[in-house]
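> Next up, model33.txt (compact mmCIF, C-alpha atoms).
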# COMPACT_ATOMS: atom_id res chain seq x y z
CA MET A 1 -20.91 3.94 17.65
CA ILE A 2 -22.14 1.88 14.74
CA ASN A 3 -23.61 -1.55 15.33
CA GLY A 4 -22.32 -1.45 18.91
CA LYS A 5 -18.73 -0.81 17.79
CA LYS A 6 -16.70 1.90 19.51
CA ILE A 7 -15.16 4.25 16.94
CA LEU A 8 -12.00 6.28 17.54
CA VAL A 9 -10.37 8.74 15.17
CA VAL A 10 -6.61 9.24 15.53
CA LEU A 11 -4.91 12.39 14.27
CA PRO A 12 -1.13 12.09 13.71
CA ALA A 13 -0.17 15.75 13.86
CA TYR A 14 2.89 17.78 12.97
CA ASN A 15 2.60 21.56 12.58
CA ALA A 16 -1.15 21.25 11.99
CA SER A 17 -2.33 24.33 13.92
CA LYS A 18 -3.79 26.07 10.84
CA THR A 19 -5.91 23.13 9.69
CA LEU A 20 -6.66 21.19 12.87
CA LYS A 21 -9.80 23.10 13.84
CA ILE A 22 -11.54 22.82 10.48
CA THR A 23 -10.65 19.11 10.32
CA TYR A 24 -11.95 18.46 13.83
CA GLU A 25 -15.18 20.39 13.25
CA GLU A 26 -16.12 18.05 10.39
CA ILE A 27 -15.78 14.95 12.57
CA ASP A 28 -19.27 13.77 13.52
CA ARG A 29 -19.03 13.41 17.31
CA THR A 30 -22.47 11.77 17.47
CA LEU A 31 -20.82 8.91 15.59
CA VAL A 32 -17.21 9.04 16.79
CA ASP A 33 -16.75 8.10 20.44
CA ASP A 34 -13.30 9.61 20.96
CA VAL A 35 -10.59 11.53 19.15
CA ILE A 36 -6.88 11.14 19.85
CA LEU A 37 -4.26 13.63 18.72
CA VAL A 38 -0.58 12.76 18.83
CA ASP A 39 1.67 15.79 18.36
CA ASP A 40 5.09 14.86 17.00
CA ALA A 41 7.06 17.73 18.56
CA SER A 42 5.44 20.41 16.40
CA LYS A 43 7.12 23.79 16.09
CA ASP A 44 3.80 25.63 16.07
CA ASN A 45 0.89 25.76 18.54
CA THR A 46 -0.85 22.55 17.44
CA VAL A 47 -1.26 21.35 21.03
CA ALA A 48 -2.74 24.66 22.19
CA VAL A 49 -5.30 24.54 19.36
CA ALA A 50 -6.13 20.91 20.20
CA LYS A 51 -6.88 21.86 23.81
CA GLU A 52 -8.85 24.93 22.74
CA ILE A 53 -11.22 22.95 20.48
CA GLY A 54 -11.80 20.32 23.15
CA ILE A 55 -9.71 17.29 22.21
CA VAL A 56 -9.35 15.34 25.45
CA HIS A 57 -6.81 12.69 24.48
CA ILE A 58 -3.58 14.46 23.53
CA ILE A 59 -0.15 12.82 23.43
CA CYS A 60 2.93 15.01 23.02
CA HIS A 61 6.23 13.63 21.78
CA GLU A 62 9.14 15.50 23.33
CA LYS A 63 11.27 14.61 20.31
CA ASN A 64 10.12 14.11 16.73
CA LYS A 65 9.60 10.39 16.17
CA GLY A 66 8.60 10.57 12.53
CA TYR A 67 5.36 9.81 10.73
CA GLY A 68 5.48 6.10 11.51
CA GLY A 69 6.45 6.70 15.12
CA ASN A 70 3.49 9.05 15.46
CA GLN A 71 1.06 6.43 14.19
CA LYS A 72 2.43 3.84 16.60
CA SER A 73 1.51 6.12 19.50
CA CYS A 74 -1.91 6.72 17.93
CA TYR A 75 -2.80 3.05 17.60
CA LYS A 76 -1.41 2.05 20.97
CA ARG A 77 -3.56 4.64 22.75
CA ALA A 78 -6.65 3.81 20.68
CA LEU A 79 -6.41 0.14 21.59
CA GLU A 80 -5.88 1.05 25.26
CA LEU A 81 -9.11 3.09 25.15
CA GLY A 82 -11.02 0.06 23.90
CA ALA A 83 -11.58 1.11 20.27
CA ASP A 84 -13.26 -1.46 18.03
CA ILE A 85 -12.66 0.59 14.89
CA ILE A 86 -9.68 2.93 14.50
CA ILE A 87 -9.68 5.56 11.76
CA MET A 88 -6.45 7.36 10.94
CA LEU A 89 -7.08 10.82 9.49
CA HIS A 90 -4.48 13.48 8.70
CA PRO A 91 -5.33 16.73 10.51
CA ASP A 92 -4.14 18.83 7.56
CA TYR A 93 -7.63 18.80 5.98
CA GLN A 94 -6.38 17.09 2.85
CA TYR A 95 -9.01 14.36 3.34
CA THR A 96 -12.61 15.04 4.28
CA PRO A 97 -13.78 13.66 7.66
CA LEU A 98 -17.27 13.33 6.14
CA LEU A 99 -16.34 9.82 4.92
CA ILE A 100 -15.78 8.50 8.44
CA GLU A 101 -19.31 7.11 8.67
CA SER A 102 -19.02 5.22 5.38
CA MET A 103 -15.61 3.78 6.20
CA ALA A 104 -16.57 2.80 9.74
CA SER A 105 -19.85 1.20 8.60
CA ILE A 106 -18.04 -1.16 6.24
CA ILE A 107 -16.03 -2.50 9.17
CA ALA A 108 -18.79 -2.34 11.80
CA LYS A 109 -21.11 -4.44 9.63
CA GLY A 110 -18.45 -7.06 8.99
CA VAL A 111 -18.01 -6.44 5.27
CA TYR A 112 -14.26 -5.70 5.31
CA PRO A 113 -11.75 -5.33 8.18
CA VAL A 114 -9.67 -2.61 6.45
CA VAL A 115 -10.85 0.40 4.45
CA LEU A 116 -8.75 2.92 2.53
CA GLY A 117 -9.88 6.37 1.43
CA SER A 118 -8.57 6.42 -2.14
CA ARG A 119 -7.66 9.62 -3.95
CA ILE A 120 -7.18 7.73 -7.21
CA LEU A 121 -10.60 6.13 -7.60
CA GLY A 122 -12.56 8.64 -9.65
CA ARG A 123 -10.81 11.92 -10.47
CA GLY A 124 -10.26 13.27 -6.99
CA ALA A 125 -6.46 13.47 -7.04
CA LEU A 126 -5.73 15.74 -10.00
CA LYS A 127 -8.97 17.65 -9.54
CA GLY A 128 -7.94 18.38 -5.96
CA GLY A 129 -4.56 19.71 -7.04
CA MET A 130 -2.20 16.74 -6.68
CA PRO A 131 1.05 17.65 -8.49
CA TYR A 132 1.40 15.76 -11.76
CA TYR A 133 4.74 14.22 -10.82
CA LYS A 134 3.21 12.84 -7.61
CA TYR A 135 0.25 11.45 -9.51
CA PHE A 136 2.56 9.81 -12.07
CA PHE A 137 4.75 8.17 -9.41
CA ASN A 138 1.68 7.17 -7.38
CA ARG A 139 0.31 5.28 -10.38
CA LEU A 140 3.71 3.79 -11.28
CA LEU A 141 4.34 2.58 -7.74
CA THR A 142 0.83 1.21 -7.37
CA VAL A 143 1.05 -0.82 -10.59
CA SER A 144 4.39 -2.26 -9.47
CA GLN A 145 3.06 -3.07 -6.02
CA ASN A 146 -0.07 -4.75 -7.35
CA LEU A 147 2.06 -6.96 -9.60
CA LEU A 148 4.47 -7.95 -6.83
CA MET A 149 1.80 -8.42 -4.16
CA ARG A 150 -1.00 -9.75 -6.38
CA GLN A 151 -3.46 -7.10 -5.23
CA LYS A 152 -5.85 -4.77 -7.07
CA LEU A 153 -5.71 -1.61 -4.99
CA SER A 154 -6.05 1.79 -6.64
CA GLU A 155 -3.36 3.23 -4.35
CA TYR A 156 -1.19 2.31 -1.36
CA HIS A 157 -0.28 5.84 -0.32
CA THR A 158 -3.40 7.40 1.17
CA GLY A 159 -3.31 8.94 4.64
CA TYR A 160 -6.93 8.02 5.31
CA ARG A 161 -7.35 4.51 6.69
CA ALA A 162 -9.73 2.53 8.89
CA TYR A 163 -8.90 -0.67 10.74
CA ASP A 164 -10.80 -3.25 12.72
CA ARG A 165 -9.24 -3.69 16.14
CA LYS A 166 -8.33 -7.32 15.41
CA VAL A 167 -6.18 -6.22 12.46
CA LEU A 168 -3.87 -4.02 14.52
CA GLU A 169 -3.75 -6.60 17.31
CA SER A 170 -2.58 -9.31 14.92
CA ILE A 171 0.10 -7.25 13.13
CA PRO A 172 3.49 -6.38 14.76
CA TYR A 173 3.34 -2.78 13.50
CA GLU A 174 5.42 -1.58 16.47
CA ASP A 175 8.51 -3.06 14.77
CA ASN A 176 7.97 -1.12 11.53
CA SER A 177 9.81 1.97 10.36
CA ASP A 178 9.25 5.31 12.09
CA ASP A 179 9.39 7.06 8.71
CA PHE A 180 6.82 7.51 5.91
CA VAL A 181 7.26 3.95 4.62
CA PHE A 182 5.46 2.76 7.77
CA ASP A 183 2.11 2.95 5.94
CA ASN A 184 3.28 0.60 3.21
CA GLU A 185 4.91 -1.81 5.63
CA LEU A 186 1.63 -2.05 7.51
CA LEU A 187 -0.33 -2.66 4.30
CA GLY A 188 2.20 -5.30 3.25
CA GLN A 189 1.73 -7.08 6.59
CA ILE A 190 -2.05 -6.83 6.29
CA CYS A 191 -1.97 -8.36 2.81
CA TYR A 192 0.42 -11.08 3.96
CA LYS A 193 -1.92 -11.91 6.85
CA GLY A 194 -4.71 -12.30 4.33
CA TYR A 195 -7.08 -9.52 5.33
CA GLU A 196 -9.32 -8.17 2.58
CA ILE A 197 -9.13 -4.43 1.89
CA ALA A 198 -11.93 -2.14 0.72
CA GLU A 199 -11.52 1.26 -0.89
CA VAL A 200 -13.79 4.31 -0.82
CA THR A 201 -13.50 7.16 -3.30
CA CYS A 202 -12.14 10.19 -1.46
CA PRO A 203 -11.84 13.75 -2.76
CA THR A 204 -8.62 15.46 -1.76
CA LYS A 205 -7.30 19.00 -1.40
CA TYR A 206 -3.78 20.26 -2.02
CA PHE A 207 -2.96 23.69 -0.69
CA LYS A 208 -0.15 25.51 1.08
CA GLU A 209 -1.02 24.32 4.60
CA ALA A 210 -1.54 20.67 3.61
CA SER A 211 1.33 18.41 4.60
CA SER A 212 3.60 17.21 1.85
CA ILE A 213 7.12 15.91 1.34
CA ASN A 214 9.60 17.29 -1.18
CA PHE A 215 10.86 15.52 -4.30
CA LYS A 216 13.95 14.09 -2.58
CA ARG A 217 11.92 12.61 0.29
CA SER A 218 9.37 11.37 -2.24
CA ALA A 219 12.11 9.52 -4.14
CA ILE A 220 13.44 7.92 -0.93
CA TYR A 221 9.88 6.94 -0.03
CA GLY A 222 9.33 5.45 -3.48
CA PHE A 223 12.37 3.20 -3.25
CA GLY A 224 11.29 2.18 0.24
CA VAL A 225 7.85 1.26 -1.03
CA LEU A 226 9.27 -0.88 -3.82
CA GLY A 227 11.54 -2.53 -1.26
CA VAL A 228 8.54 -3.50 0.87
CA SER A 229 6.73 -5.00 -2.13
CA LEU A 230 9.82 -6.92 -3.24
CA LYS A 231 10.29 -8.29 0.28
CA TYR A 232 6.65 -9.34 0.25
CA PHE A 233 7.08 -11.21 -3.04
CA LEU A 234 10.29 -12.97 -2.00
CA HIS A 235 8.99 -13.88 1.47
CA LYS A 236 5.60 -15.02 0.18
CA HIS A 237 7.17 -17.36 -2.37
CA GLY A 238 9.85 -18.69 -0.03
CA PHE A 239 12.86 -17.15 -1.77
CA ALA A 240 13.91 -15.24 1.36
CA LYS A 241 12.79 -14.45 4.91
CA TYR A 242 12.28 -10.95 6.29
CA ASN A 243 11.60 -9.72 9.81
CA LEU A 244 8.82 -7.53 8.41
CA PHE A 245 6.59 -10.61 8.23
CA LYS A 246 8.06 -12.50 11.16
CA GLY A 247 5.42 -13.91 13.50
CA ILE A 248 2.53 -13.24 11.14
CA GLU A 249 0.50 -16.38 10.51
CA PRO A 250 -1.48 -16.05 7.26
CA ASN A 251 -5.22 -16.63 7.55
CA SER A 252 -6.24 -20.03 6.19
CA HIS A 253 -8.73 -19.46 3.39
CA LYS A 254 -9.09 -23.23 2.96
CA LYS A 255 -10.11 -23.53 6.60
CA GLU A 256 -12.64 -20.73 6.20
CA LYS A 257 -13.96 -22.44 3.08
CA ARG A 258 -14.33 -25.75 4.92
CA GLN A 259 -16.22 -24.03 7.72
CA PHE A 260 -18.52 -22.45 5.14
CA LEU A 261 -19.12 -25.82 3.52
CA ASN A 262 -19.84 -27.38 6.92
CA VAL A 263 -22.41 -24.71 7.64
CA ASN A 264 -24.08 -25.32 4.30
CA HIS A 265 -23.96 -29.05 4.92
CA SER A 266 -25.65 -28.60 8.31
CA VAL A 267 -28.33 -26.42 6.75
CA THR A 268 -28.92 -29.04 4.05
CA GLU A 269 -29.25 -31.76 6.69
CA SER A 270 -31.74 -29.66 8.64
CA GLN A 271 -33.78 -29.03 5.52
CA THR A 272 -33.76 -32.77 4.71
CA GLU A 273 -34.97 -33.65 8.22
CA MET A 274 -37.73 -31.06 7.99
CA ASN A 275 -38.84 -32.39 4.59
CA ASN A 276 -38.91 -35.94 5.98
CA LYS A 277 -41.09 -34.82 8.91
CA ILE A 278 -43.48 -33.08 6.52
CA SER A 279 -43.66 -36.24 4.39
CA VAL A 280 -44.42 -38.40 7.46
CA ASN A 281 -47.12 -36.05 8.69
CA SER A 282 -48.65 -35.92 5.22
CA SER A 283 -48.79 -39.75 5.02
CA HIS A 284 -50.63 -39.88 8.40
CA HIS A 285 -53.35 -37.70 6.96
Would it be possible to restate this file's structure as structure tokens?

Amino acid sequence: MINGKKILVVLPAYNASKTLKITYEEIDRTLVDDVILVDDASKDNTVAVAKEIGIVHIICHEKNKGYGGNQKSCYKRALELGADIIIMLHPDYQYTPLLIESMASIIAKGVYPVVLGSRILGRGALKGGMPYYKYFFNRLLTVSQNLLMRQKLSEYHTGYRAYDRKVLESIPYEDNSDDFVFDNELLGQICYKGYEIAEVTCPTKYFKEASSINFKRSAIYGFGVLGVSLKYFLHKHGFAKYNLFKGIEPNSHKKEKRQFLNVNHSVTESQTEMNNKISVNSSHH
């Protein structure tokens, strides 16, 4: 726990038997209250390894539901277990679990409700072995997305994310795609809702056992990502309506600003009353 907040780490797993143990061993269990692993019908012994290293909460999909479908099971179970902060970490050891404390602290202390572990901030991506074509398309997609969605994120494609409970409860993520574009649909919904997003520099590792998708799947994913951003732009500006944002009521920044002004006004009134009392007491002397 941090600041009284219950922290859960969710591991969406598929054929992660070779990297699961080393990933799990770097998770600080004095900080993290529970770990959930969802196995998406792996063809290896991921589940056996999970049991061997002591993961208690294990969900097994009988049929492969896809990356997005896996995350849906992760978040549903985390919320059922009463998590205040949910951190999604790939069990392929591409991202270091050592950043969990930093990411969780940002949320636990009320600074931001969403935190992304960014491979692009700094020089972590290429230094860690990200293929040049992936780096190029990551940057190209991110620039396009920032323009369409009026954001300033360094990347939208990281598999290392932390959410405040209220974020997942207010977003209809269950209706999103079961494929890789799920991550971007969720971020699009979060931005549409009006939640602020923080980023933490994250080193990354690319090696044989780390999960990756081929060029063809990457291209399909890229077009899907652009589609999400275009839908966001058109829906946001009233040119079209999409089910992706259906039922999401954007946070009212004006209302929050008014509340802030009211608080300041109350403080000013209190200070004025106190000054008047001091003046009266001084005149009596």
> Here is a test: counting only C-alpha atoms, which residue of A:Arg161, A:Lys193, A:Glu62, A:Leu141 is nearest to Val228 of chain A?
A:Leu141
> Check the smallest atom-to-atom distance from each of A:Val56, A:Ala48, A:Cys74, A:Leu140 to Phe223 of chain A using all atoms listed in the file, then report the winner.
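Smallest distance to Phe223 of chain A is found for A:Leu140.
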> I'd like the neighbourhood of segment 99-105 of chain A as a ChimeraX atom specification, where a residue qualifies if any of its atoms comes within 10 Å (using all atoms listed in the file), though same-chain residues fewer than 6 positions away should be ignored.
/A:1-3,5-9,26-28,31-32,84-89,111-117,160-164,198-203
> What would the file look like if the residues just selected were written as a PDB file, in the coordinates of the input with C-alpha atoms?

ATOM      1  CA  MET A   1     -20.910   3.940  17.650  1.00  0.00           C
ATOM      2  CA  ILE A   2     -22.140   1.880  14.740  1.00  0.00           C
ATOM      3  CA  ASN A   3     -23.610  -1.550  15.330  1.00  0.00           C
ATOM      4  CA  LYS A   5     -18.730  -0.810  17.790  1.00  0.00           C
ATOM      5  CA  LYS A   6     -16.700   1.900  19.510  1.00  0.00           C
ATOM      6  CA  ILE A   7     -15.160   4.250  16.940  1.00  0.00           C
ATOM      7  CA  LEU A   8     -12.000   6.280  17.540  1.00  0.00           C
ATOM      8  CA  VAL A   9     -10.370   8.740  15.170  1.00  0.00           C
ATOM      9  CA  GLU A  26     -16.120  18.050  10.390  1.00  0.00           C
ATOM     10  CA  ILE A  27     -15.780  14.950  12.570  1.00  0.00           C
ATOM     11  CA  ASP A  28     -19.270  13.770  13.520  1.00  0.00           C
ATOM     12  CA  LEU A  31     -20.820   8.910  15.590  1.00  0.00           C
ATOM     13  CA  VAL A  32     -17.210   9.040  16.790  1.00  0.00           C
ATOM     14  CA  ASP A  84     -13.260  -1.460  18.030  1.00  0.00           C
ATOM     15  CA  ILE A  85     -12.660   0.590  14.890  1.00  0.00           C
ATOM     16  CA  ILE A  86      -9.680   2.930  14.500  1.00  0.00           C
ATOM     17  CA  ILE A  87      -9.680   5.560  11.760  1.00  0.00           C
ATOM     18  CA  MET A  88      -6.450   7.360  10.940  1.00  0.00           C
ATOM     19  CA  LEU A  89      -7.080  10.820   9.490  1.00  0.00           C
ATOM     20  CA  VAL A 111     -18.010  -6.440   5.270  1.00  0.00           C
ATOM     21  CA  TYR A 112     -14.260  -5.700   5.310  1.00  0.00           C
ATOM     22  CA  PRO A 113     -11.750  -5.330   8.180  1.00  0.00           C
ATOM     23  CA  VAL A 114      -9.670  -2.610   6.450  1.00  0.00           C
ATOM     24  CA  VAL A 115     -10.850   0.400   4.450  1.00  0.00           C
ATOM     25  CA  LEU A 116      -8.750   2.920   2.530  1.00  0.00           C
ATOM     26  CA  GLY A 117      -9.880   6.370   1.430  1.00  0.00           C
ATOM     27  CA  TYR A 160      -6.930   8.020   5.310  1.00  0.00           C
ATOM     28  CA  ARG A 161      -7.350   4.510   6.690  1.00  0.00           C
ATOM     29  CA  ALA A 162      -9.730   2.530   8.890  1.00  0.00           C
ATOM     30  CA  TYR A 163      -8.900  -0.670  10.740  1.00  0.00           C
ATOM     31  CA  ASP A 164     -10.800  -3.250  12.720  1.00  0.00           C
ATOM     32  CA  ALA A 198     -11.930  -2.140   0.720  1.00  0.00           C
ATOM     33  CA  GLU A 199     -11.520   1.260  -0.890  1.00  0.00           C
ATOM     34  CA  VAL A 200     -13.790   4.310  -0.820  1.00  0.00           C
ATOM     35  CA  THR A 201     -13.500   7.160  -3.300  1.00  0.00           C
ATOM     36  CA  CYS A 202     -12.140  10.190  -1.460  1.00  0.00           C
ATOM     37  CA  PRO A 203     -11.840  13.750  -2.760  1.00  0.00           C
TER      38      PRO A 203
END
> So which one's closest to Ile58 of chain A, A:Val10, A:Leu244, A:Leu98, A:Ile106? Using only C-alpha atoms, please.
A:Val10
> Please, what distance in Å, to one decimal, runs between atom CA of Gly4 of chain A and atom CA of Leu20 of chain A?
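If I compute the distance from atom CA of Gly4 of chain A to atom CA of Leu20 of chain A, I get 28.2 Å.
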> Could you list, as a ChimeraX atom specification, every residue within 10 Å of segment 165-173 of chain A, counting all atoms listed in the file and ignoring same-chain residues fewer than 6 positions away?
/A:6-7,68,71-72,75-76,78-79,82-86,107,113-114,182-183,185-187,189-190,192-193,195,244-249
> Tell me which of A:Lys152, A:Lys63, A:Lys51, A:His237 sits closest to Tyr24 of chain A, counting all atoms listed in the file.
A:Lys51
> Residues within 12 Å of Gly224 of chain A, please, as a PyMOL selection string. Count all atoms listed in the file; anything in the same chain fewer than 4 positions from it doesn't count.
chain A and resi 141+145+177+179-185+217-220+228-231
> Hey, can you pull every residue with an atom no more than 12 Å from (6.6, 14.6, 21.3), using all atoms listed in the file, and send it as a VMD selection string?
chain A and resid 12 to 15 37 to 43 46 to 47 58 to 67 69 to 70 73
> Between atom CA of Met130 of chain A and atom CA of Gln94 of chain A, what is the distance, to one decimal in Å?
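Answer for the atom CA of Met130 of chain A to atom CA of Gln94 of chain A separation: 10.4 Å.
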> Would you please work out which residue, of A:His57, A:Asn251, A:Asn45, A:Pro97, is nearest to Glu25 of chain A when using all atoms listed in the file?
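Residue with the minimum atom-to-atom distance to Glu25 of chain A: A:Pro97.
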> Measure the distance from atom CA of Asn138 of chain A to atom CA of Tyr156 of chain A in Å and round it to one decimal.
8.3 Å
> List as a VMD selection string the protein and nucleic acid residues near Lys241 of chain A, meaning an atom at most 10 Å away when all atoms listed in the file are counted, but skip any in the same chain fewer than 6 places from it.
chain A and resid 231 to 232 234 to 235
